[in-house]
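For reference, query_37.csv is printed below; it contains CSV, C-alpha atoms.
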chain,number,residue,atom,x,y,z
A,8,MET,CA,1.8,29.8,-22.9
A,9,PRO,CA,-1.4,31.5,-24.1
A,10,GLY,CA,-3.5,33.7,-21.8
A,11,ASN,CA,-0.9,36.4,-21.2
A,12,SER,CA,-2.7,39.1,-23.2
A,13,PHE,CA,-5.7,41.1,-22.3
A,14,GLY,CA,-7.9,43.5,-24.4
A,15,GLN,CA,-8.7,43.8,-28.1
A,16,LEU,CA,-7.8,47.4,-29.3
A,17,PHE,CA,-6.0,48.5,-26.1
A,18,ARG,CA,-4.1,45.3,-25.6
A,19,ILE,CA,-1.5,44.4,-22.9
A,20,THR,CA,0.8,41.4,-22.7
A,21,THR,CA,2.5,40.9,-19.4
A,22,PHE,CA,5.8,39.0,-18.8
A,23,GLY,CA,8.1,38.0,-15.9
A,24,GLU,CA,8.1,35.9,-12.8
A,25,SER,CA,8.0,36.6,-9.1
A,26,HIS,CA,11.7,35.9,-8.5
A,27,GLY,CA,13.0,36.3,-12.0
A,28,ALA,CA,15.0,39.2,-13.3
A,29,ALA,CA,12.1,41.5,-14.1
A,30,LEU,CA,8.4,42.0,-14.8
A,31,GLY,CA,6.6,44.2,-17.2
A,32,ALA,CA,4.1,44.7,-20.0
A,33,ILE,CA,3.9,45.5,-23.6
A,34,VAL,CA,1.0,47.9,-24.2
A,35,ASP,CA,-0.3,48.0,-27.8
A,36,GLY,CA,-3.0,50.3,-29.2
A,37,CYS,CA,-2.4,53.4,-27.0
A,38,PRO,CA,-3.5,56.4,-29.1
A,39,PRO,CA,-0.6,58.7,-30.1
A,40,GLY,CA,-0.1,62.2,-28.6
A,41,LEU,CA,-0.8,61.3,-24.9
A,42,LYS,CA,1.7,63.0,-22.6
A,43,LEU,CA,3.4,60.2,-20.7
A,44,SER,CA,6.4,59.6,-18.5
A,45,GLU,CA,7.4,57.3,-15.7
A,46,LYS,CA,6.1,59.9,-13.2
A,47,ASP,CA,2.5,59.2,-14.5
A,48,ILE,CA,2.9,55.5,-13.7
A,49,GLN,CA,5.0,55.2,-10.6
A,50,PRO,CA,2.4,56.5,-8.0
A,51,ASP,CA,0.1,53.6,-8.8
A,52,LEU,CA,3.0,51.1,-8.5
A,53,ASP,CA,3.9,52.6,-5.1
A,54,ARG,CA,0.4,51.8,-3.9
A,55,ARG,CA,0.8,48.2,-5.0
A,56,LYS,CA,4.5,47.5,-4.1
A,57,PRO,CA,5.5,45.2,-1.3
A,58,GLY,CA,7.0,46.3,2.0
A,59,GLN,CA,4.9,49.5,2.2
A,60,SER,CA,3.5,48.9,5.7
A,61,LYS,CA,3.5,46.6,8.7
A,62,ILE,CA,0.5,44.7,7.3
A,63,THR,CA,2.0,43.7,4.0
A,64,THR,CA,4.8,41.4,2.9
A,65,PRO,CA,8.2,42.5,4.2
A,66,ARG,CA,9.8,42.0,0.8
A,67,LYS,CA,11.4,45.3,-0.3
A,68,GLU,CA,10.9,46.2,-3.9
A,69,GLU,CA,10.8,49.8,-5.2
A,70,ASP,CA,9.2,48.6,-8.4
A,71,THR,CA,10.8,51.4,-10.3
A,72,ILE,CA,9.2,51.5,-13.8
A,73,HIS,CA,11.1,52.2,-17.0
A,74,ILE,CA,9.5,53.1,-20.4
A,75,LEU,CA,11.7,51.5,-23.1
A,76,SER,CA,9.6,52.2,-26.2
A,77,GLY,CA,6.5,53.9,-27.6
A,78,VAL,CA,7.2,57.4,-26.1
A,79,PHE,CA,9.1,60.1,-27.9
A,80,GLU,CA,9.7,63.7,-26.7
A,81,GLY,CA,7.2,63.0,-23.8
A,82,LYS,CA,4.3,61.8,-25.9
A,83,THR,CA,3.0,58.4,-27.0
A,84,THR,CA,3.8,57.6,-30.6
A,85,GLY,CA,1.0,55.0,-31.2
A,86,THR,CA,3.6,52.2,-31.3
A,87,PRO,CA,4.0,49.4,-28.6
A,88,ILE,CA,5.0,50.8,-25.2
A,89,LEU,CA,7.4,48.5,-23.3
A,90,LEU,CA,7.2,48.9,-19.5
A,91,ILE,CA,9.7,47.1,-17.2
A,92,ALA,CA,10.6,46.9,-13.6
A,93,TYR,CA,13.6,45.0,-12.3
A,94,ASN,CA,13.4,42.7,-9.3
A,95,LYS,CA,15.9,43.9,-6.6
A,96,ASP,CA,14.9,41.8,-3.6
A,97,ALA,CA,14.3,38.4,-5.1
A,98,ASN,CA,15.2,35.4,-2.8
A,99,PRO,CA,14.4,32.1,-4.5
A,100,SER,CA,16.0,30.2,-1.6
A,101,ASP,CA,13.0,31.1,0.5
A,102,TYR,CA,11.0,28.6,-1.6
A,103,LYS,CA,13.4,25.7,-1.8
A,104,HIS,CA,11.5,23.8,0.8
A,105,LEU,CA,8.4,24.0,-1.4
A,106,LYS,CA,10.1,22.5,-4.5
A,107,ASP,CA,8.7,19.0,-4.0
A,108,LEU,CA,5.5,20.0,-2.0
A,109,TYR,CA,2.1,21.2,-3.0
A,110,ARG,CA,0.7,24.1,-1.0
A,111,PRO,CA,-3.0,23.6,0.0
A,112,SER,CA,-5.3,25.7,-2.2
A,113,HIS,CA,-2.4,26.9,-4.3
A,114,ALA,CA,-1.7,26.8,-8.0
A,115,ASP,CA,1.4,24.7,-7.4
A,116,PHE,CA,-0.6,21.5,-8.1
A,117,THR,CA,-2.6,22.7,-11.1
A,118,TYR,CA,0.3,24.4,-12.8
A,119,GLU,CA,2.4,21.2,-12.6
A,120,LEU,CA,-0.7,19.1,-13.6
A,121,LYS,CA,-1.1,21.2,-16.7
A,122,TYR,CA,2.4,21.9,-17.9
A,123,GLY,CA,4.4,19.1,-16.3
A,124,LEU,CA,6.7,21.5,-14.5
A,125,ARG,CA,6.5,24.6,-12.4
A,126,ASP,CA,8.6,27.6,-11.3
A,127,TRP,CA,8.7,27.0,-7.5
A,128,ARG,CA,10.5,30.4,-6.9
A,129,GLY,CA,7.6,32.2,-5.4
A,130,SER,CA,5.1,30.6,-7.8
A,131,GLY,CA,6.5,32.1,-11.0
A,132,ARG,CA,3.7,33.4,-13.2
A,133,ALA,CA,1.1,32.2,-10.7
A,134,SER,CA,2.4,34.8,-8.2
A,135,ALA,CA,0.4,38.0,-7.6
A,136,ARG,CA,3.7,39.9,-8.3
A,137,GLU,CA,2.6,39.6,-12.0
A,138,THR,CA,0.0,42.3,-11.2
A,139,LEU,CA,2.8,44.9,-11.2
A,140,ALA,CA,2.5,44.8,-15.0
A,141,ARG,CA,-1.2,45.3,-15.0
A,142,VAL,CA,-1.0,48.3,-12.7
A,143,ALA,CA,1.7,49.9,-14.8
A,144,ALA,CA,-0.4,49.4,-18.0
A,145,GLY,CA,-3.6,50.5,-16.2
A,146,ALA,CA,-2.0,53.8,-15.2
A,147,ILE,CA,-1.8,54.7,-18.8
A,148,ALA,CA,-5.4,53.9,-19.4
A,149,LYS,CA,-6.4,55.9,-16.3
A,150,LYS,CA,-4.5,58.9,-17.5
A,151,TYR,CA,-6.2,58.8,-20.9
A,152,LEU,CA,-9.7,58.3,-19.6
A,153,PHE,CA,-9.3,61.1,-17.0
A,154,GLU,CA,-8.0,63.6,-19.5
A,155,LYS,CA,-10.6,62.8,-22.2
A,156,PHE,CA,-13.7,62.2,-20.0
A,157,GLY,CA,-12.9,63.1,-16.4
A,158,THR,CA,-13.2,59.4,-15.4
A,159,GLN,CA,-11.9,58.4,-12.0
A,160,PHE,CA,-11.3,55.0,-10.4
A,161,ILE,CA,-11.9,55.0,-6.7
A,162,SER,CA,-11.7,51.5,-5.3
A,163,TYR,CA,-11.4,50.9,-1.5
A,164,VAL,CA,-11.4,48.1,1.1
A,165,GLU,CA,-14.9,47.6,2.2
A,166,GLN,CA,-14.4,44.5,4.3
A,167,VAL,CA,-11.7,42.4,6.0
A,168,GLY,CA,-12.8,39.1,7.5
A,169,ASN,CA,-16.0,40.0,9.3
A,170,ILE,CA,-15.2,43.6,9.8
A,171,ALA,CA,-17.0,45.9,7.3
A,172,THR,CA,-17.8,49.5,6.7
A,173,GLY,CA,-21.3,50.7,5.7
A,174,MET,CA,-19.9,54.0,4.4
A,175,ASP,CA,-21.8,55.6,1.5
A,176,MET,CA,-19.6,55.1,-1.5
A,177,ASN,CA,-20.7,58.5,-2.9
A,178,LYS,CA,-18.9,60.1,0.1
A,179,VAL,CA,-15.6,58.3,-0.4
A,180,THR,CA,-12.6,60.3,-1.6
A,181,PRO,CA,-9.2,59.2,-2.8
A,182,LYS,CA,-7.6,61.1,0.1
A,183,ALA,CA,-9.7,59.2,2.7
A,184,ILE,CA,-8.8,55.9,1.1
A,185,ASP,CA,-5.1,56.5,1.3
A,186,SER,CA,-5.3,58.1,4.8
A,187,ASN,CA,-4.5,54.7,6.4
A,188,ILE,CA,-2.5,51.6,5.5
A,189,VAL,CA,-5.5,49.3,5.0
A,190,ARG,CA,-7.1,51.7,2.4
A,191,CYS,CA,-10.5,51.8,4.0
A,192,PRO,CA,-12.0,55.3,4.0
A,193,ASP,CA,-13.8,54.7,7.3
A,194,LYS,CA,-11.1,55.5,9.9
A,195,THR,CA,-12.8,53.8,12.9
A,196,VAL,CA,-13.4,50.6,10.9
A,197,ALA,CA,-9.9,50.8,9.3
A,198,ASP,CA,-8.3,50.7,12.8
A,199,LYS,CA,-10.2,47.5,13.6
A,200,MET,CA,-9.2,46.0,10.2
A,201,ILE,CA,-5.5,46.7,10.9
A,202,LYS,CA,-5.6,45.1,14.3
A,203,LEU,CA,-7.3,42.0,12.8
A,204,ILE,CA,-4.6,41.7,10.1
A,205,GLU,CA,-1.8,42.1,12.7
A,206,GLN,CA,-3.3,39.4,14.8
A,207,VAL,CA,-3.7,37.1,11.8
A,208,ARG,CA,-0.1,37.6,10.9
A,209,LYS,CA,1.0,36.7,14.5
A,210,ASP,CA,-1.0,33.6,14.2
A,211,GLY,CA,0.8,32.6,11.0
A,212,ASP,CA,-2.5,32.8,9.1
A,213,SER,CA,-4.2,34.9,6.5
A,214,VAL,CA,-7.6,36.6,6.0
A,215,GLY,CA,-9.7,37.7,3.0
A,216,GLY,CA,-12.2,40.5,2.3
A,217,ILE,CA,-14.0,42.6,-0.2
A,218,ILE,CA,-12.9,45.6,-2.3
A,219,LYS,CA,-15.6,48.0,-3.5
A,220,GLY,CA,-14.9,49.2,-7.1
A,221,LEU,CA,-16.2,52.6,-8.0
A,222,ILE,CA,-15.8,54.3,-11.4
A,223,LYS,CA,-17.0,57.9,-11.6
A,224,ASN,CA,-17.8,59.8,-14.8
A,225,PRO,CA,-17.4,56.8,-17.2
A,226,PRO,CA,-17.8,57.4,-20.9
A,227,VAL,CA,-21.3,56.6,-22.2
A,228,GLY,CA,-22.0,53.8,-24.7
A,229,LEU,CA,-19.3,51.4,-23.7
A,230,GLY,CA,-20.0,47.7,-24.0
A,231,GLU,CA,-21.7,45.4,-26.5
A,232,PRO,CA,-25.2,44.1,-26.0
A,233,VAL,CA,-24.5,40.4,-26.2
A,234,PHE,CA,-21.2,38.6,-25.2
A,235,ASP,CA,-19.1,41.6,-24.6
A,236,LYS,CA,-21.3,43.4,-22.1
A,237,LEU,CA,-19.3,45.9,-20.0
A,238,PRO,CA,-20.2,44.1,-16.7
A,239,ALA,CA,-19.2,40.8,-18.3
A,240,ASP,CA,-15.7,42.1,-19.3
A,241,LEU,CA,-15.3,43.7,-15.9
A,242,GLY,CA,-16.2,40.4,-14.3
A,243,LYS,CA,-13.6,38.6,-16.3
A,244,ALA,CA,-11.0,41.2,-15.5
A,245,MET,CA,-11.6,41.1,-11.8
A,246,LEU,CA,-11.8,37.3,-11.6
A,247,SER,CA,-8.4,37.1,-13.4
A,248,ILE,CA,-6.8,38.8,-10.3
A,249,ASN,CA,-5.0,36.4,-7.9
A,250,ALA,CA,-7.2,35.2,-5.0
A,251,VAL,CA,-10.4,36.6,-6.3
A,252,LYS,CA,-13.4,34.3,-5.7
A,253,GLY,CA,-16.4,36.5,-6.4
A,254,PHE,CA,-17.7,39.4,-8.4
A,255,GLU,CA,-20.9,41.4,-7.9
A,256,PHE,CA,-22.1,44.1,-10.2
A,257,GLY,CA,-24.5,46.9,-9.3
A,258,SER,CA,-27.1,45.8,-6.7
A,259,GLY,CA,-25.8,42.3,-7.2
A,260,PHE,CA,-27.2,39.6,-5.0
A,261,SER,CA,-29.1,42.1,-2.8
A,262,GLY,CA,-31.3,42.7,-5.8
A,263,VAL,CA,-32.9,39.3,-5.5
A,264,SER,CA,-34.9,40.4,-2.5
A,265,MET,CA,-36.3,43.4,-4.3
A,266,ARG,CA,-39.3,43.6,-6.6
A,267,GLY,CA,-39.1,45.1,-10.1
A,268,SER,CA,-41.0,48.1,-9.0
A,269,GLU,CA,-38.3,48.8,-6.3
A,270,HIS,CA,-35.3,47.8,-8.4
A,271,ASN,CA,-36.1,49.6,-11.6
A,272,ASP,CA,-34.2,52.9,-12.0
A,273,ALA,CA,-36.8,55.5,-13.1
A,274,PHE,CA,-35.8,57.9,-15.9
A,275,ILE,CA,-35.9,61.6,-15.1
A,276,LEU,CA,-34.9,64.9,-16.7
A,277,SER,CA,-32.1,66.6,-14.8
A,278,ASN,CA,-30.2,69.7,-16.1
A,279,LYS,CA,-31.9,69.1,-19.4
A,280,LYS,CA,-30.4,65.6,-19.6
A,281,VAL,CA,-32.1,62.2,-19.3
A,282,THR,CA,-30.7,60.3,-16.3
A,283,ASN,CA,-32.0,58.0,-13.6
A,284,SER,CA,-33.3,58.7,-10.1
A,285,SER,CA,-31.4,55.7,-8.7
A,286,ASN,CA,-28.6,53.4,-9.8
A,287,HIS,CA,-29.4,49.8,-8.9
A,288,ALA,CA,-28.2,48.8,-12.3
A,289,GLY,CA,-24.6,49.9,-11.5
A,290,GLY,CA,-24.2,52.3,-14.4
A,291,THR,CA,-25.1,50.0,-17.3
A,292,LEU,CA,-28.2,48.9,-19.1
A,293,GLY,CA,-28.2,46.0,-21.5
A,294,GLY,CA,-24.4,45.8,-20.9
A,295,ILE,CA,-23.8,49.3,-22.2
A,296,SER,CA,-22.7,52.2,-19.9
A,297,THR,CA,-25.2,54.9,-19.2
A,298,GLY,CA,-22.8,57.5,-17.8
A,299,GLN,CA,-23.9,56.9,-14.3
A,300,ASP,CA,-21.2,55.8,-11.8
A,301,ILE,CA,-20.2,52.1,-12.3
A,302,TYR,CA,-19.8,50.1,-9.1
A,303,PHE,CA,-19.1,46.5,-8.1
A,304,ARG,CA,-17.7,44.4,-5.4
A,305,VAL,CA,-14.7,42.0,-5.6
A,306,ALA,CA,-14.3,39.1,-3.0
A,307,PHE,CA,-10.7,38.0,-2.2
A,308,LYS,CA,-10.1,34.7,-0.4
A,309,PRO,CA,-7.4,34.4,2.4
A,310,VAL,CA,-4.1,33.8,0.6
A,311,ALA,CA,-3.0,30.2,0.4
A,312,THR,CA,0.6,30.6,1.5
A,313,ILE,CA,0.7,30.7,5.3
A,314,SER,CA,3.4,29.9,8.0
A,315,LYS,CA,1.0,27.6,9.9
A,316,GLU,CA,1.7,23.9,9.5
A,317,GLN,CA,-0.7,22.3,7.0
A,318,LYS,CA,-1.1,18.7,5.8
A,319,THR,CA,-0.2,18.1,2.2
A,320,VAL,CA,1.6,15.6,0.0
A,321,THR,CA,4.9,15.5,-2.0
A,322,ARG,CA,5.0,15.4,-5.7
A,323,SER,CA,5.3,11.6,-5.4
A,324,GLY,CA,2.2,11.5,-3.2
A,325,LYS,CA,3.8,10.9,0.2
A,326,PRO,CA,2.1,12.6,3.2
A,327,ALA,CA,3.9,15.7,4.4
A,328,VAL,CA,3.6,18.9,6.4
A,329,VAL,CA,4.2,22.3,4.9
A,330,ALA,CA,4.8,25.7,6.6
A,331,ALA,CA,5.8,28.6,4.3
A,332,GLN,CA,9.0,30.4,5.1
A,333,GLY,CA,8.9,33.1,2.4
A,334,ARG,CA,7.6,36.7,2.7
A,335,HIS,CA,3.9,36.9,2.2
A,336,ASP,CA,0.9,39.2,2.8
A,337,PRO,CA,-1.4,38.1,5.6
A,338,CYS,CA,-4.1,40.0,3.7
A,339,VAL,CA,-3.9,41.1,0.1
A,340,LEU,CA,-6.7,43.7,0.2
A,341,PRO,CA,-4.6,46.9,0.8
A,342,ARG,CA,-2.3,46.2,-2.1
A,343,ALA,CA,-5.1,44.9,-4.3
A,344,VAL,CA,-6.9,48.2,-4.4
A,345,PRO,CA,-4.7,49.6,-7.2
A,346,ILE,CA,-5.0,46.3,-9.1
A,347,VAL,CA,-8.8,46.5,-9.1
A,348,ASP,CA,-8.6,50.1,-10.3
A,349,ALA,CA,-6.1,49.1,-13.1
A,350,MET,CA,-8.2,46.2,-14.4
A,351,GLY,CA,-11.3,48.5,-14.5
A,352,ALA,CA,-9.3,51.1,-16.4
A,353,LEU,CA,-8.0,48.5,-18.9
A,354,VAL,CA,-11.5,47.3,-19.6
A,355,LEU,CA,-13.0,50.8,-20.1
A,356,MET,CA,-10.0,51.9,-22.2
A,357,ASP,CA,-10.4,49.0,-24.5
A,358,HIS,CA,-14.2,49.5,-24.9
A,359,CYS,CA,-13.6,53.2,-25.4
A,360,LEU,CA,-11.4,52.6,-28.4
A,361,ARG,CA,-13.8,49.9,-29.7
A,362,ASN,CA,-16.7,52.3,-29.4
A,363,LYS,CA,-14.8,55.0,-31.1
A,364,ALA,CA,-13.9,52.7,-34.0
A,365,GLN,CA,-17.6,51.6,-34.4
A,366,ASN,CA,-19.3,54.9,-33.9
A,367,LYS,CA,-17.2,57.7,-35.5
Please go through the file and, once you have read it, give me the structure as C-alpha cells.
Amino acid sequence: MPGNSFGQLFRITTFGESHGAALGAIVDGCPPGLKLSEKDIQPDLDRRKPGQSKITTPRKEEDTIHILSGVFEGKTTGTPILLIAYNKDANPSDYKHLKDLYRPSHADFTYELKYGLRDWRGSGRASARETLARVAAGAIAKKYLFEKFGTQFISYVEQVGNIATGMDMNKVTPKAIDSNIVRCPDKTVADKMIKLIEQVRKDGDSVGGIIKGLIKNPPVGLGEPVFDKLPADLGKAMLSINAVKGFEFGSGFSGVSMRGSEHNDAFILSNKKVTNSSNHAGGTLGGISTGQDIYFRVAFKPVATISKEQKTVTRSGKPAVVAAQGRHDPCVLPRAVPIVDAMGALVLMDHCLRNKAQNK
C-alpha cells in the first residue's frame, strides 16, 4: 500500500494497526550527532495517548516508545531510526458488530471499495491511532529544530463546537495550554468546552472544532516558490490527519474582506534587521518562510464513530442500524494538538534539510 511515507530528505514511514500488535515509524534522514533517547519522545506521546482524561477515549495505552535502531551511545548515527510502541489494551471484539456494516461518514466503505477488504478491528490503518507514529517521529524533528534555531511549536484548541476563544495567540504559553484537559489556554472558555464535550459524550454523540497552529522562531528561507511552497506542504500535512476537513493559513478567509492596503505587511527596520510591521501573511512570502511566526488553523469534523443509532447498510446492501460499542473520543481536539505540532515539525524539518542541501 503506497502513501505510508512522508517527506523527502527527512522521511518517515509509519506502520501498524489500531488493534494490531504494535505501531511505529522508520525515520530516515535524521542528521547524525543529535542527542536522543526515549525520554525526548515520550512526553509528546503522553499528550496524545488515549485514556488521559474524562473527555477522551477510555482505552488505556501507555504508548511506551522504544528506539530499536539509529541511535548509538545516546546520539543519532545518521542511519534509519526505528520507533515502536506495543499495543497493550487492544480489544478487537469491540468491533465485531461492525464487521459487515459501514459506519456513516467513515472510511469503512471507501477502504473496502478500494482494496476489496478491510481490517474491521478499530479501522486498521484508517484509525487515528496511526498518528502515534507521527507524533513519535515529530518529537525528533522538534528537538532538532529547537536546538538549532530555537523553533517552538505551540498549537492549542481554539474552538469546540460553537464555543471559541478570542485569545491573542501571541500571549499563549505551553504551560497555559496544558493547564487543562481540553488544551485551550483560555481557562474560562476551556471550562465551557469541557462541559460541552461531557454532554456530547452522554448523548452518545461527537463534536468537532478548530486547532490553532503556531510556530515561533522558524528558520528563514524554508519552502520552494512553486509547487513545494511551505504553506502548501503544511496544508497537505494537516489535511492528512484523521477527521481534518479544513486548513487556513495566515489571515486565511478573513483576508478576503480586506483591501491590499490593509492586508499588506509593511517592511520596517527593527534592531538593524528588516522585518514586517504586521503578519497577515502568516510567516511566509511567495511560499518561503520570512522568520516571522507561522500560524494557521485546522478544522476537525465530529468523529464518525458514535454510540447513537444511525441508519446504514450491510456489505450486501441490506438496510441496517449501527451503534458503535467500542471506545472512542467524543471530541478529538485535545489529543490532536500534539499531532498538529508533530506534522508541522516534520514539514519544517524536511524543508530545513532541503534548504541546507541547496544553499550550503
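Closest approach to Ile147 (chain A) from the set A:Gly289, A:Gly173, A:Pro38, A:Pro99 is made by A:Pro38, with distances taken over all atoms listed in the file.
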**OP:** Considering all atoms listed in the file, state which residue in the set A:Arg55, A:Lys106, A:Arg18, A:Arg266 is at the smallest distance from Glu69 (chain A).
**Re:** A:Arg55
Original post:
Counting only C-alpha atoms, what is within 9 Å of Ser76 (chain A), bar same-chain residues fewer than 6 positions away, as a list in words?
Top reply: Thr86, Pro87, Ile88, Leu89 and Leu90 of chain A
Subject >> Protein, DNA and RNA residues within 12 Å of (3.7, 42.1, -6.3), only C-alpha atoms, as a ChimeraX atom specification >> reply: /A:23-26,29-31,52-59,63-70,92-94,96-97,129-143,248-249,334-336,339,341-343,345-346
Let's have the selection written as a tab-separated table (two decimals), in the frame of the given file, with C-alpha atoms.
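Output contents, as saved in again-v1.tsv:
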chain	number	residue	atom	x	y	z
A	23	GLY	CA	8.10	38.00	-15.90
A	24	GLU	CA	8.10	35.90	-12.80
A	25	SER	CA	8.00	36.60	-9.10
A	26	HIS	CA	11.70	35.90	-8.50
A	29	ALA	CA	12.10	41.50	-14.10
A	30	LEU	CA	8.40	42.00	-14.80
A	31	GLY	CA	6.60	44.20	-17.20
A	52	LEU	CA	3.00	51.10	-8.50
A	53	ASP	CA	3.90	52.60	-5.10
A	54	ARG	CA	0.40	51.80	-3.90
A	55	ARG	CA	0.80	48.20	-5.00
A	56	LYS	CA	4.50	47.50	-4.10
A	57	PRO	CA	5.50	45.20	-1.30
A	58	GLY	CA	7.00	46.30	2.00
A	59	GLN	CA	4.90	49.50	2.20
A	63	THR	CA	2.00	43.70	4.00
A	64	THR	CA	4.80	41.40	2.90
A	65	PRO	CA	8.20	42.50	4.20
A	66	ARG	CA	9.80	42.00	0.80
A	67	LYS	CA	11.40	45.30	-0.30
A	68	GLU	CA	10.90	46.20	-3.90
A	69	GLU	CA	10.80	49.80	-5.20
A	70	ASP	CA	9.20	48.60	-8.40
A	92	ALA	CA	10.60	46.90	-13.60
A	93	TYR	CA	13.60	45.00	-12.30
A	94	ASN	CA	13.40	42.70	-9.30
A	96	ASP	CA	14.90	41.80	-3.60
A	97	ALA	CA	14.30	38.40	-5.10
A	129	GLY	CA	7.60	32.20	-5.40
A	130	SER	CA	5.10	30.60	-7.80
A	131	GLY	CA	6.50	32.10	-11.00
A	132	ARG	CA	3.70	33.40	-13.20
A	133	ALA	CA	1.10	32.20	-10.70
A	134	SER	CA	2.40	34.80	-8.20
A	135	ALA	CA	0.40	38.00	-7.60
A	136	ARG	CA	3.70	39.90	-8.30
A	137	GLU	CA	2.60	39.60	-12.00
A	138	THR	CA	0.00	42.30	-11.20
A	139	LEU	CA	2.80	44.90	-11.20
A	140	ALA	CA	2.50	44.80	-15.00
A	141	ARG	CA	-1.20	45.30	-15.00
A	142	VAL	CA	-1.00	48.30	-12.70
A	143	ALA	CA	1.70	49.90	-14.80
A	248	ILE	CA	-6.80	38.80	-10.30
A	249	ASN	CA	-5.00	36.40	-7.90
A	334	ARG	CA	7.60	36.70	2.70
A	335	HIS	CA	3.90	36.90	2.20
A	336	ASP	CA	0.90	39.20	2.80
A	339	VAL	CA	-3.90	41.10	0.10
A	341	PRO	CA	-4.60	46.90	0.80
A	342	ARG	CA	-2.30	46.20	-2.10
A	343	ALA	CA	-5.10	44.90	-4.30
A	345	PRO	CA	-4.70	49.60	-7.20
A	346	ILE	CA	-5.00	46.30	-9.10
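Our summary of the geometry notes that CA of Ile170 (chain A) is positioned 21.5 Å from CA of Gly257 (chain A).
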**OP:** Rank A:Val179, A:Lys149, A:Asn278, A:Arg110 by their smallest atom-to-atom distance to Glu316 (chain A), using all atoms listed in the file, and report the top residue only.
**Re:** A:Arg110
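Pairwise distance (CA of Gly242 (chain A), CA of Met200 (chain A)) equals 26.1 Å.
Atom pair CA of Ser277 (chain A) / CA of Ser296 (chain A) has a distance of 17.9 Å (rounded to one decimal).
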